[in-house]
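Trainee: My structure is stored as query.tsv, with TSV, C-alpha atoms and all ligand atoms.
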chain	number	residue	atom	x	y	z
A	1	MET	CA	95.41	71.35	117.18
A	2	LEU	CA	98.09	69.89	114.97
A	3	THR	CA	98.51	72.54	112.31
A	4	VAL	CA	98.03	76.27	111.81
A	5	HIS	CA	95.07	75.42	109.60
A	6	ASP	CA	93.43	73.55	112.48
A	7	PHE	CA	93.48	76.83	114.42
A	8	GLU	CA	91.92	78.64	111.49
A	9	THR	CA	89.09	76.11	111.27
A	10	ALA	CA	88.51	76.15	115.02
A	11	ALA	CA	88.54	79.95	115.15
A	12	ARG	CA	86.03	80.24	112.32
A	13	ALA	CA	83.69	77.83	114.11
A	14	LYS	CA	83.87	79.93	117.28
A	15	LEU	CA	83.97	83.51	116.08
A	16	ASP	CA	81.30	85.93	115.01
A	17	PRO	CA	81.59	85.69	111.20
A	18	VAL	CA	82.09	89.46	111.00
A	19	PHE	CA	85.25	89.21	113.12
A	20	ALA	CA	86.41	86.06	111.32
A	21	ASP	CA	86.12	87.96	108.03
A	22	PHE	CA	88.01	90.94	109.48
A	23	ILE	CA	90.90	88.61	110.33
A	24	ALA	CA	90.96	86.51	107.18
A	25	GLY	CA	90.18	89.29	104.77
A	26	GLY	CA	92.38	91.45	102.61
A	27	ALA	CA	92.14	94.29	100.16
A	28	ARG	CA	89.87	94.17	97.08
A	29	ASP	CA	90.07	90.79	95.29
A	30	GLU	CA	92.50	89.37	97.88
A	31	ILE	CA	94.91	88.38	95.12
A	32	THR	CA	97.90	89.20	97.30
A	33	VAL	CA	96.42	87.40	100.33
A	34	ARG	CA	96.44	84.20	98.29
A	35	ALA	CA	99.77	84.93	96.60
A	36	ASN	CA	101.61	85.06	99.93
A	37	GLU	CA	100.76	81.46	100.77
A	38	THR	CA	101.01	80.21	97.20
A	39	ALA	CA	104.56	81.55	96.88
A	40	PHE	CA	105.80	79.22	99.62
A	41	GLY	CA	104.17	76.30	97.83
A	42	ALA	CA	105.98	77.22	94.61
A	43	LEU	CA	109.38	76.55	96.17
A	44	ARG	CA	110.92	73.19	96.93
A	45	LEU	CA	113.49	72.30	99.57
A	46	LEU	CA	116.63	70.42	98.63
A	47	PRO	CA	118.08	68.90	101.81
A	48	ARG	CA	121.67	67.96	102.56
A	49	ALA	CA	122.42	64.44	103.83
A	50	LEU	CA	124.79	63.15	106.52
A	51	ARG	CA	125.32	66.42	108.30
A	52	GLY	CA	123.92	65.10	111.54
A	53	SER	CA	123.70	67.00	114.79
A	54	ALA	CA	121.99	65.87	117.97
A	55	ALA	CA	120.17	69.17	118.47
A	56	ARG	CA	119.38	72.29	116.49
A	57	GLU	CA	119.97	75.85	117.69
A	58	LEU	CA	116.89	77.92	116.88
A	59	GLY	CA	117.68	81.04	118.89
A	60	THR	CA	118.68	84.33	117.33
A	61	THR	CA	119.34	87.96	118.22
A	62	LEU	CA	117.47	90.58	116.23
A	63	LEU	CA	118.56	94.20	116.66
A	64	GLY	CA	119.67	93.46	120.18
A	65	SER	CA	116.53	91.55	121.14
A	66	ARG	CA	116.97	87.88	121.95
A	67	ALA	CA	114.40	85.48	120.48
A	68	SER	CA	114.22	81.74	121.16
A	69	MET	CA	113.26	81.17	117.53
A	70	PRO	CA	113.14	83.24	114.35
A	71	ILE	CA	109.33	83.44	114.43
A	72	LEU	CA	107.88	86.72	115.69
A	73	LEU	CA	104.34	87.82	116.30
A	74	SER	CA	103.60	90.43	113.66
A	75	PRO	CA	101.47	93.31	114.90
A	76	THR	CA	97.74	92.63	114.77
A	77	ALA	CA	95.08	94.99	116.02
A	78	PHE	CA	92.15	94.38	118.35
A	79	HIS	CA	92.95	91.14	120.21
A	80	LYS	CA	89.99	91.67	122.55
A	81	LEU	CA	87.72	91.04	119.60
A	82	VAL	CA	88.58	87.37	119.95
A	83	ASP	CA	89.60	86.92	123.61
A	84	PRO	CA	88.54	88.81	126.74
A	85	GLU	CA	92.14	89.21	127.92
A	86	GLY	CA	93.26	90.36	124.51
A	87	GLU	CA	96.89	91.32	124.01
A	88	SER	CA	97.82	90.41	127.61
A	89	ALA	CA	97.07	86.75	126.85
A	90	THR	CA	99.06	86.92	123.60
A	91	ALA	CA	102.00	88.59	125.35
A	92	ARG	CA	102.11	85.94	128.07
A	93	ALA	CA	102.22	83.20	125.44
A	94	ALA	CA	104.97	84.96	123.46
A	95	ALA	CA	107.02	85.61	126.60
A	96	ALA	CA	106.65	82.03	127.83
A	97	THR	CA	107.92	80.87	124.44
A	98	GLY	CA	110.73	83.40	124.53
A	99	THR	CA	109.88	85.09	121.29
A	100	ILE	CA	109.24	88.68	120.28
A	101	MET	CA	105.74	90.12	120.11
A	102	ILE	CA	105.28	93.25	118.03
A	103	VAL	CA	102.49	95.13	119.79
A	104	SER	CA	100.08	96.87	117.43
A	105	MET	CA	99.55	100.55	118.06
A	106	ALA	CA	95.85	99.62	117.73
A	107	SER	CA	95.95	97.19	120.66
A	108	THR	CA	92.91	96.87	122.92
A	109	VAL	CA	95.15	96.68	126.01
A	110	ALA	CA	97.58	99.53	126.75
A	111	VAL	CA	101.20	98.76	125.87
A	112	GLY	CA	102.32	99.24	129.51
A	113	GLU	CA	99.83	96.64	130.68
A	114	ILE	CA	100.86	94.25	127.90
A	115	ALA	CA	104.47	94.64	129.03
A	116	ASP	CA	103.51	93.82	132.62
A	117	ALA	CA	101.79	90.64	131.42
A	118	ALA	CA	104.81	89.68	129.31
A	119	ARG	CA	107.25	90.17	132.20
A	120	ALA	CA	105.00	88.24	134.59
A	121	ALA	CA	105.16	85.26	132.21
A	122	GLY	CA	108.64	85.53	130.75
A	123	GLY	CA	110.69	87.44	133.29
A	124	PRO	CA	112.60	90.67	132.70
A	125	THR	CA	113.94	89.50	129.35
A	126	ALA	CA	110.49	89.25	127.71
A	127	GLN	CA	110.77	91.12	124.43
A	128	LEU	CA	108.19	93.48	122.99
A	129	TRP	CA	108.52	95.73	119.98
A	130	PHE	CA	105.98	98.46	119.19
A	131	GLN	CA	104.30	99.05	115.83
A	132	LEU	CA	103.64	102.66	114.99
A	133	TYR	CA	101.53	104.48	112.44
A	134	ILE	CA	103.26	107.87	112.36
A	135	GLN	CA	100.57	110.44	113.02
A	136	PRO	CA	100.60	113.77	111.16
A	137	ASP	CA	100.36	115.40	114.60
A	138	LEU	CA	103.96	114.79	115.64
A	139	GLU	CA	103.27	115.61	119.28
A	140	ILE	CA	100.86	112.69	119.38
A	141	THR	CA	103.39	110.43	117.67
A	142	GLU	CA	106.00	111.48	120.22
A	143	THR	CA	103.65	110.61	123.07
A	144	LEU	CA	103.02	107.17	121.56
A	145	VAL	CA	106.77	106.58	121.22
A	146	ARG	CA	107.23	107.62	124.84
A	147	ARG	CA	104.48	105.25	126.00
A	148	ALA	CA	106.14	102.36	124.13
A	149	THR	CA	109.61	103.25	125.41
A	150	ASP	CA	108.40	103.62	129.00
A	151	ALA	CA	106.78	100.19	128.72
A	152	GLY	CA	110.19	98.73	127.85
A	153	CYS	CA	109.66	98.06	124.15
A	154	THR	CA	113.04	97.49	122.52
A	155	ALA	CA	112.32	98.48	118.89
A	156	LEU	CA	109.86	100.50	116.84
A	157	VAL	CA	108.24	99.01	113.76
A	158	VAL	CA	106.94	101.81	111.57
A	159	THR	CA	104.24	100.73	109.15
A	160	VAL	CA	104.73	102.57	105.86
A	161	ASP	CA	102.29	100.77	103.55
A	162	SER	CA	99.19	102.56	104.78
A	163	PRO	CA	98.94	106.12	103.39
A	164	VAL	CA	95.25	105.25	103.36
A	165	LEU	CA	93.55	102.24	104.93
A	166	GLY	CA	93.28	99.23	102.61
A	167	ALA	CA	89.83	98.62	101.14
A	168	ASN	CA	88.61	95.46	102.80
A	169	GLU	CA	85.34	94.77	101.05
A	170	ARG	CA	84.36	92.04	103.49
A	171	ASN	CA	84.35	94.64	106.26
A	172	ARG	CA	82.32	96.99	104.07
A	173	ARG	CA	79.72	94.36	103.29
A	174	ASN	CA	79.58	93.36	106.96
A	175	GLY	CA	79.34	96.96	108.15
A	176	PHE	CA	82.40	96.48	110.36
A	177	HIS	CA	83.92	99.93	110.76
A	178	ASP	CA	84.70	100.29	114.43
A	179	LEU	CA	85.26	98.33	117.61
A	180	PRO	CA	82.18	97.11	119.49
A	181	ALA	CA	81.08	99.09	122.53
A	182	GLY	CA	83.45	98.64	125.46
A	183	LEU	CA	86.58	98.00	123.41
A	184	ARG	CA	89.08	100.76	122.71
A	185	CYS	CA	92.48	101.40	121.24
A	186	GLU	CA	93.99	101.83	124.68
A	187	ASN	CA	97.29	103.36	123.53
A	188	LEU	CA	95.33	106.31	122.19
A	189	ARG	CA	93.62	107.21	125.42
A	190	ASP	CA	94.00	110.82	126.53
A	191	LEU	CA	95.95	111.91	123.47
A	192	ARG	CA	93.44	114.47	122.33
A	193	ASP	CA	90.73	116.23	124.26
A	194	GLY	CA	87.42	114.46	124.29
A	195	GLU	CA	88.58	111.33	122.47
A	196	SER	CA	89.36	108.20	124.36
A	197	GLY	CA	90.62	105.44	122.16
A	198	HIS	CA	88.34	105.66	119.14
A	199	VAL	CA	89.67	103.61	116.19
A	200	ARG	CA	89.02	106.54	113.86
A	201	GLN	CA	91.52	108.56	115.90
A	202	ILE	CA	94.26	106.60	114.12
A	203	VAL	CA	95.10	108.74	111.14
A	204	MET	CA	96.40	106.98	108.04
A	205	SER	CA	98.38	109.82	106.62
A	206	PRO	CA	98.91	110.16	102.87
A	207	GLU	CA	101.47	112.94	103.47
A	208	LEU	CA	104.10	110.77	105.16
A	209	ASN	CA	107.57	110.99	103.61
A	210	TRP	CA	111.20	110.22	104.42
A	211	GLY	CA	111.39	113.44	106.44
A	212	HIS	CA	109.13	111.80	109.02
A	213	ILE	CA	111.56	108.89	109.33
A	214	ASP	CA	114.45	111.34	109.77
A	215	TRP	CA	112.43	113.11	112.46
A	216	LEU	CA	111.68	109.83	114.25
A	217	ARG	CA	115.37	108.89	114.04
A	218	GLU	CA	116.10	112.14	115.93
A	219	ILE	CA	113.60	111.66	118.74
A	220	THR	CA	114.34	108.04	119.67
A	221	SER	CA	117.37	105.89	120.23
A	222	LEU	CA	115.37	102.66	119.79
A	223	PRO	CA	116.11	100.62	116.67
A	224	ILE	CA	113.66	101.51	113.88
A	225	LEU	CA	112.33	98.96	111.41
A	226	LEU	CA	110.17	99.88	108.43
A	227	LYS	CA	107.26	97.54	107.78
A	228	GLY	CA	105.87	97.51	104.29
A	229	VAL	CA	108.73	98.67	102.08
A	230	LEU	CA	108.35	96.63	98.86
A	231	HIS	CA	110.39	98.43	96.20
A	232	PRO	CA	114.14	97.68	96.24
A	233	GLU	CA	114.89	101.37	95.70
A	234	ASP	CA	113.00	102.15	98.93
A	235	ALA	CA	115.01	99.47	100.71
A	236	ARG	CA	118.19	101.29	99.65
A	237	LEU	CA	116.70	104.60	100.78
A	238	ALA	CA	115.84	103.06	104.15
A	239	VAL	CA	119.49	102.17	104.69
A	240	ARG	CA	120.52	105.69	103.70
A	241	HIS	CA	118.05	107.18	106.18
A	242	GLY	CA	119.57	105.25	109.06
A	243	VAL	CA	116.81	102.67	109.43
A	244	ASP	CA	117.96	99.61	111.42
A	245	GLY	CA	115.92	96.87	109.79
A	246	LEU	CA	113.10	96.04	107.38
A	247	LEU	CA	110.04	93.92	107.91
A	248	LEU	CA	109.26	92.94	104.33
A	249	SER	CA	105.49	92.83	104.42
A	250	ASN	CA	102.48	93.52	102.23
A	251	HIS	CA	100.31	93.74	105.34
A	252	GLY	CA	99.06	90.22	104.67
A	253	GLY	CA	97.49	91.48	101.44
A	254	ARG	CA	95.40	94.02	103.33
A	255	GLN	CA	96.68	97.23	101.77
A	256	LEU	CA	97.43	97.47	98.02
A	257	ASP	CA	96.00	94.41	96.31
A	258	THR	CA	97.99	92.72	93.53
A	259	VAL	CA	101.43	93.54	94.97
A	260	PRO	CA	103.77	90.53	94.79
A	261	ALA	CA	104.02	87.91	97.49
A	262	THR	CA	106.63	88.94	100.05
A	263	LEU	CA	108.61	85.74	99.46
A	264	GLU	CA	108.83	86.61	95.79
A	265	LEU	CA	110.38	89.99	96.65
A	266	LEU	CA	112.79	88.69	99.26
A	267	PRO	CA	115.80	88.03	96.97
A	268	GLU	CA	115.57	91.54	95.47
A	269	ILE	CA	115.20	93.23	98.83
A	270	THR	CA	118.07	91.33	100.47
A	271	ALA	CA	120.23	92.16	97.44
A	272	ALA	CA	119.31	95.84	97.75
A	273	VAL	CA	120.29	96.10	101.42
A	274	ALA	CA	123.35	93.88	100.85
A	275	GLY	CA	123.63	92.72	104.44
A	276	ARG	CA	123.75	96.24	105.90
A	277	ILE	CA	120.53	95.75	107.87
A	278	PRO	CA	118.46	92.66	108.69
A	279	VAL	CA	115.40	91.87	106.59
A	280	LEU	CA	112.47	90.13	108.28
A	281	LEU	CA	109.47	88.88	106.34
A	282	ASP	CA	105.79	88.26	107.00
A	283	GLY	CA	102.84	87.12	104.94
A	284	GLY	CA	101.56	83.59	104.45
A	285	VAL	CA	103.90	81.81	106.88
A	286	ARG	CA	101.97	78.74	108.01
A	287	ARG	CA	104.54	75.94	108.27
A	288	GLY	CA	108.04	75.24	109.53
A	289	THR	CA	109.04	74.66	105.91
A	290	ASP	CA	107.88	78.21	105.09
A	291	VAL	CA	110.17	79.59	107.79
A	292	VAL	CA	113.11	77.61	106.43
A	293	LYS	CA	112.48	78.81	102.86
A	294	ALA	CA	112.38	82.45	103.95
A	295	LEU	CA	115.55	82.11	106.02
A	296	ALA	CA	117.34	80.24	103.25
A	297	LEU	CA	116.57	83.16	100.94
A	298	GLY	CA	118.06	85.64	103.38
A	299	ALA	CA	115.37	86.62	105.90
A	300	ALA	CA	116.65	87.03	109.45
A	301	ALA	CA	113.28	85.97	110.87
A	302	VAL	CA	109.62	85.77	109.93
A	303	GLY	CA	106.41	87.14	111.40
A	304	ILE	CA	102.98	85.57	111.70
A	305	GLY	CA	99.77	87.59	111.73
A	306	ARG	CA	96.50	85.75	111.19
A	307	PRO	CA	97.66	82.50	112.86
A	308	VAL	CA	98.07	84.37	116.15
A	309	MET	CA	94.53	85.73	115.96
A	310	TRP	CA	93.16	82.28	115.14
A	311	ALA	CA	95.04	80.65	118.01
A	312	LEU	CA	93.96	83.36	120.44
A	313	ALA	CA	90.36	82.87	119.34
A	314	GLU	CA	90.63	79.11	119.65
A	315	GLY	CA	92.27	78.84	123.05
A	316	GLY	CA	93.37	82.19	124.47
A	317	GLU	CA	96.87	82.27	125.96
A	318	LYS	CA	97.11	78.48	125.82
A	319	GLY	CA	96.10	78.48	122.18
A	320	VAL	CA	98.82	80.96	121.22
A	321	ARG	CA	101.35	79.04	123.25
A	322	ARG	CA	100.39	75.81	121.49
A	323	LEU	CA	100.63	77.56	118.11
A	324	LEU	CA	104.13	78.82	118.84
A	325	GLU	CA	105.26	75.43	120.13
A	326	LEU	CA	103.82	73.77	117.06
A	327	LEU	CA	105.72	76.07	114.74
A	328	ARG	CA	108.88	75.60	116.77
A	329	GLU	CA	108.54	71.82	116.47
A	330	GLU	CA	107.92	72.07	112.72
A	331	LEU	CA	110.92	74.36	112.31
A	332	ASP	CA	113.19	72.08	114.32
A	333	ASP	CA	111.99	69.05	112.38
A	334	THR	CA	112.57	70.81	109.04
A	335	LEU	CA	116.08	71.87	110.04
A	336	ALA	CA	116.92	68.29	110.98
A	337	LEU	CA	115.52	66.97	107.71
A	338	CYS	CA	117.52	69.58	105.78
A	339	GLY	CA	120.76	68.61	107.53
A	340	ALA	CA	120.98	71.99	109.27
A	341	SER	CA	122.18	72.32	112.85
A	342	GLY	CA	121.27	75.99	113.10
A	343	LEU	CA	119.85	78.95	111.25
A	344	ASN	CA	123.20	79.82	109.67
A	345	ASP	CA	123.12	76.56	107.75
A	346	LEU	CA	120.07	77.76	105.83
A	347	THR	CA	121.51	78.88	102.51
A	348	PRO	CA	119.88	79.63	99.12
A	349	ASP	CA	121.07	76.35	97.60
A	350	LEU	CA	118.53	74.52	99.79
A	351	VAL	CA	115.66	76.13	97.87
A	352	ARG	CA	114.62	75.91	94.23
A	353	PRO	CA	111.51	76.63	92.16
A	354	ALA	CA	109.02	73.79	91.91
A	355	TRP	CA	109.62	71.39	89.09
A	356	SER	CA	108.45	72.43	85.70
A	357	GLY	CA	108.93	71.10	82.22
A	358	ARG	CA	111.19	74.03	81.48
A	359	LEU	CA	113.94	72.34	83.51
A	360	PHE	CA	114.09	69.83	80.69
A	361	GLY	CA	114.46	72.44	78.03
A	362	GLY	CA	110.71	72.50	77.58
A	363	ALA	CA	110.70	68.85	76.48
A	364	VAL	CA	108.20	67.97	79.21
A	365	SER	CA	105.29	70.21	80.15
B	1	LIG	C1	93.59	91.08	111.98
B	1	LIG	C2	94.84	91.77	111.53
B	1	LIG	C3	95.19	92.97	112.10
B	1	LIG	C4	96.36	93.61	111.70
B	1	LIG	N1	96.72	94.77	112.33
B	1	LIG	C5	97.87	95.37	111.98
B	1	LIG	C6	98.29	96.55	112.64
B	1	LIG	O1	97.64	97.04	113.54
B	1	LIG	N2	99.43	97.13	112.23
B	1	LIG	C7	100.20	96.61	111.21
B	1	LIG	O2	101.24	97.18	110.88
B	1	LIG	N3	99.84	95.47	110.60
B	1	LIG	C8	98.70	94.85	110.95
B	1	LIG	N4	98.35	93.69	110.32
B	1	LIG	C9	99.27	93.05	109.34
B	1	LIG	C10	100.21	92.06	110.05
B	1	LIG	O3	101.15	92.73	110.84
B	1	LIG	C11	101.01	91.21	109.06
B	1	LIG	O4	101.71	92.03	108.16
B	1	LIG	C12	100.18	90.20	108.26
B	1	LIG	O5	99.08	89.74	108.99
B	1	LIG	C13	101.09	89.04	107.88
B	1	LIG	O6	100.45	88.12	107.09
B	1	LIG	P1	99.77	86.76	107.65
B	1	LIG	O7	98.49	87.20	108.30
B	1	LIG	O8	99.53	86.02	106.38
B	1	LIG	O9	100.72	86.08	108.58
B	1	LIG	C14	97.17	93.04	110.69
B	1	LIG	C15	96.81	91.82	110.12
B	1	LIG	C16	95.66	91.18	110.52
B	1	LIG	C17	95.31	89.86	109.89
B	2	LIG	C1	93.51	101.09	112.57
B	2	LIG	C2	93.68	99.63	112.69
B	2	LIG	C3	94.51	99.04	111.60
B	2	LIG	C4	94.47	97.56	111.61
B	2	LIG	C5	95.24	96.97	110.48
B	2	LIG	O1	96.32	97.37	110.17
B	2	LIG	C6	94.67	95.85	109.75
B	2	LIG	O2	93.55	95.45	110.05
B	2	LIG	O3	95.34	95.36	108.83
I need this file expressed as structure tokens, please.
Mentor:
Amino acid sequence: MLTVHDFETAARAKLDPVFADFIAGGARDEITVRANETAFGALRLLPRALRGSAARELGTTLLGSRASMPILLSPTAFHKLVDPEGESATARAAAATGTIMIVSMASTVAVGEIADAARAAGGPTAQLWFQLYIQPDLEITETLVRRATDAGCTALVVTVDSPVLGANERNRRNGFHDLPAGLRCENLRDLRDGESGHVRQIVMSPELNWGHIDWLREITSLPILLKGVLHPEDARLAVRHGVDGLLLSNHGGRQLDTVPATLELLPEITAAVAGRIPVLLDGGVRRGTDVVKALALGAAAVGIGRPVMWALAEGGEKGVRRLLELLREELDDTLALCGASGLNDLTPDLVRPAWSGRLFGGAVS
């Protein structure tokens, strides 16, 4: 396994095609799925020379949580679909690497158990954040927040791009609508009478509004990030509503199709928040160079979604660990080649659009 794409190929060879499609797929024509990766390819890096340093510092602190590198595990549902130990295996790999795992509310291991696995592998400083779909039944949401807080999660990541579930037509064609027998959304156990972790218990609520964020702000002292804000005006509103950070995300192209690539939106979103809160980004990050481009354009860190599922499918805990080490090596190598000794050296002047004839006044095309 030498690249993220090797993990994708290996996972596809191993997995039930229905599950492989669930992971790879996106909404409708998957235009945004492709755009996320393409956007990184449309930028070029412009390195500095003779700024040598013997070692690079990759560590960072995000909203009080220490991370050994600016690459987080974005929340992905249903890890037991691809590995019998599910999220516990993922958490051990993240903790051993010293980076932050954002636990999906739709995890197939309960968040408390995931936290135990993370601490066993990474010690007391292992960092987990918890992703939340605010439920219209606020009592249920409050219970979920309490479960995450009791487990030791150090931030809440509220997904706001899912008033309804994205239309994944691969899943529809494959008839994949629910978890196979024996697997459950363990965080949802015993929330309502007679329901014990059914996926359909998770309500995607079209009524959500800023009042819900204000309410959440009142009931928790954990930092709150919003995941899925795309419009710069909403980024400004987030700051005004006391949100602590943004995870700039289009859900890996799985919600509204044809929204821009997240990288494309990054300059506008960082301008809108004007340094008041950190902006993280996910979507299409597959290489160390992608991480550097996002950070150069103002992201505090990036998240990876599908690569984690592929690595977990390929090799369980070891696979995820190898994936994270690989990305760390690529990031370190890219920093060195760019003449950067740390993340603060990554500035916008290191990035430019790919060459086009227009640079020559249209003389060459
Ligand atoms: C299989 C899968 C499951 C996901 N589950 C969730 C989830 O439960 N909650 C959420 O907010 N985002 C979820 N996402 C979106 C990811 O958090 C992330 O935004 C996206 O995968 C990033 O793009 P990438 O896959 O290109 O790295 C999921 C994505 C995938 C591929
Ligand atoms: C209710 C599970 C949601 C999973 C999800 O967010 C995704 O597959 O993108």
Trainee: I'd like the contact shell of segment 301-306 of chain A - 6 Å cut-off, only C-alpha atoms, skipping same-chain residues fewer than 5 positions apart - returned as number ranges by chain.
Mentor: A: 70-74, 280-282
Trainee: Between A:Leu323, A:Ala311, A:Ala300, A:Leu225, which has the minimum distance to Gly59 of chain A (counting only C-alpha atoms)?
Mentor: A:Ala300
Trainee: Could you report the residues within 6 Å of ligand LIG 1 (chain B), using all atoms listed in the file, as a VMD selection string?
Mentor: chain A and resid 23 74 to 77 104 106 159 249 251 to 252 282 to 285 304 to 306
Trainee: Using Å and a single decimal, report how far atom CA of Ile100 of chain A sits from atom CA of Arg287 of chain A.
Mentor: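 Separation between atom CA of Arg287 of chain A and atom CA of Ile100 of chain A: 18.1 Å.
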Trainee: List all protein, DNA and RNA residues that have any atom at most 9 Å from ligand LIG 2 (chain B), counting only C-alpha atoms and all ligand atoms, and write the list as a ChimeraX atom specification.
Mentor: /A:22-23,25-26,75-78,104-107,133,159,162,165-166,168,185,199-204,251-255
Trainee: If we count only C-alpha atoms, what is near Ser68 of chain A at a cut-off of 10 Å, once residues fewer than 6 positions away on the same chain are taken out, given as a PyMOL selection string?
Mentor: chain A and resi 57-61+95+97-100+328
Trainee: Given the choices A:Ile140, A:Leu337, A:Leu343, A:Ala238, which gets closest to Arg48 of chain A if the distance is worked out from only C-alpha atoms?
Mentor: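 Between A:Ile140, A:Leu337, A:Leu343, A:Ala238, the residue approaching Arg48 of chain A most closely is A:Leu337.
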Trainee: Within 7 Å of Ala235 of chain A, counting only C-alpha atoms, which residues show up once you throw out same-chain ones fewer than 5 positions away? Write them as a list in words, please.
Mentor: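 Non-adjacent residues within range: Val229, Ile269, Ala272 and Val273 of chain A.
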Trainee: Create the file for the chosen residues now, containing C-alpha atoms and written as a PDB file, in the coordinates of the input.
Mentor:
ATOM      1  CA  VAL A 229     108.730  98.670 102.080  1.00  0.00           C
ATOM      2  CA  ILE A 269     115.200  93.230  98.830  1.00  0.00           C
ATOM      3  CA  ALA A 272     119.310  95.840  97.750  1.00  0.00           C
ATOM      4  CA  VAL A 273     120.290  96.100 101.420  1.00  0.00           C
TER       5      VAL A 273
END
Trainee: Excluding segment 121-124 of chain A and residues on its chain fewer than 2 positions from it, collect all residues at most 9 Å away from it, counting all atoms listed in the file, and give them as a PDB file with C-alpha atoms, in the frame of the given file.
Mentor:
ATOM      1  CA  ALA A  91     102.000  88.590 125.350  1.00  0.00           C
ATOM      2  CA  ARG A  92     102.110  85.940 128.070  1.00  0.00           C
ATOM      3  CA  ALA A  93     102.220  83.200 125.440  1.00  0.00           C
ATOM      4  CA  ALA A  94     104.970  84.960 123.460  1.00  0.00           C
ATOM      5  CA  ALA A  95     107.020  85.610 126.600  1.00  0.00           C
ATOM      6  CA  ALA A  96     106.650  82.030 127.830  1.00  0.00           C
ATOM      7  CA  THR A  97     107.920  80.870 124.440  1.00  0.00           C
ATOM      8  CA  GLY A  98     110.730  83.400 124.530  1.00  0.00           C
ATOM      9  CA  ASP A 116     103.510  93.820 132.620  1.00  0.00           C
ATOM     10  CA  ALA A 117     101.790  90.640 131.420  1.00  0.00           C
ATOM     11  CA  ALA A 118     104.810  89.680 129.310  1.00  0.00           C
ATOM     12  CA  ARG A 119     107.250  90.170 132.200  1.00  0.00           C
ATOM     13  CA  ALA A 126     110.490  89.250 127.710  1.00  0.00           C
ATOM     14  CA  GLN A 127     110.770  91.120 124.430  1.00  0.00           C
TER      15      GLN A 127
END
Trainee: Please list as a count of residues only every residue within 8 Å of Leu208 of chain A, counting all atoms listed in the file and excluding residues in the same chain fewer than 2 positions away.
Mentor: 8
Trainee: Compare A:Thr108, A:Asn250, A:Thr3, A:Ser65 by their minimum atom-to-atom distance to Glu30 of chain A, counting only C-alpha atoms, and give me the closest one.
Mentor: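 Closest to Glu30 of chain A of all the choices is A:Asn250.
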Trainee: Smallest atom-to-atom distance to Lys80 of chain A: which of A:His5, A:Arg184, A:Arg51, A:Arg56, using all atoms listed in the file?
Mentor: A:Arg184
Trainee: Compare A:Lys318, A:Arg34, A:Arg12, A:Arg147 by their minimum atom-to-atom distance to Pro260 of chain A, counting all atoms listed in the file, and give me the closest one.
Mentor: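 Ranked by minimum distance to Pro260 of chain A, first place goes to A:Arg34.
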Trainee: When you draw a straight line from atom CA of Asp349 of chain A to atom CA of Leu331 of chain A, how long is it in Å?
Mentor: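 Calculated distance between atom CA of Asp349 of chain A and atom CA of Leu331 of chain A is 18.0 Å.
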Trainee: Smallest atom-to-atom distance to Val33 of chain A: which of A:Leu327, A:Leu297, A:Leu256, A:Val291, using only C-alpha atoms?
Mentor: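 Of A:Leu327, A:Leu297, A:Leu256, A:Val291, the one nearest Val33 of chain A is A:Leu256, counting only C-alpha atoms.
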Trainee: In Å, with one decimal, what is the gap from atom CA of Glu317 of chain A to atom CA of Thr90 of chain A?
Mentor: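 The value is 5.7 Å.
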Trainee: With all atoms listed in the file counted, which protein, DNA or RNA residues have an atom no more than 12 Å from (84.7, 81.7, 116.0) in the file frame? Please answer as a PyMOL selection string.
Mentor: chain A and resi 7-24+81-83+309-315
Trainee: I need every residue sitting at most 7 Å from the point (96.2, 72.7, 120.1) (coordinates as in the file, all atoms listed in the file considered), written as a list of chain:residue names.
Mentor: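 Every polymer residue passing the test: A:Met1, A:Leu2, A:Gly319, A:Arg322, A:Leu323.
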Trainee: Quick one: segment 29-36 of chain A with N, CA and C atoms, as a CSV table (one decimal), keeping the file's coordinate frame?
Mentor:
chain,number,residue,atom,x,y,z
A,29,ASP,N,90.3,92.2,95.7
A,29,ASP,CA,90.1,90.8,95.3
A,29,ASP,C,90.9,89.8,96.1
A,30,GLU,N,91.7,90.3,97.0
A,30,GLU,CA,92.5,89.4,97.9
A,30,GLU,C,93.5,88.5,97.1
A,31,ILE,N,93.9,89.1,96.0
A,31,ILE,CA,94.9,88.4,95.1
A,31,ILE,C,96.2,88.2,95.9
A,32,THR,N,96.6,89.3,96.6
A,32,THR,CA,97.9,89.2,97.3
A,32,THR,C,97.8,88.3,98.5
A,33,VAL,N,96.6,88.3,99.2
A,33,VAL,CA,96.4,87.4,100.3
A,33,VAL,C,96.8,86.0,99.9
A,34,ARG,N,96.2,85.6,98.8
A,34,ARG,CA,96.4,84.2,98.3
A,34,ARG,C,97.9,84.0,97.8
A,35,ALA,N,98.4,85.1,97.2
A,35,ALA,CA,99.8,84.9,96.6
A,35,ALA,C,100.8,84.7,97.7
A,36,ASN,N,100.6,85.3,98.9
A,36,ASN,CA,101.6,85.1,99.9
A,36,ASN,C,101.8,83.6,100.3
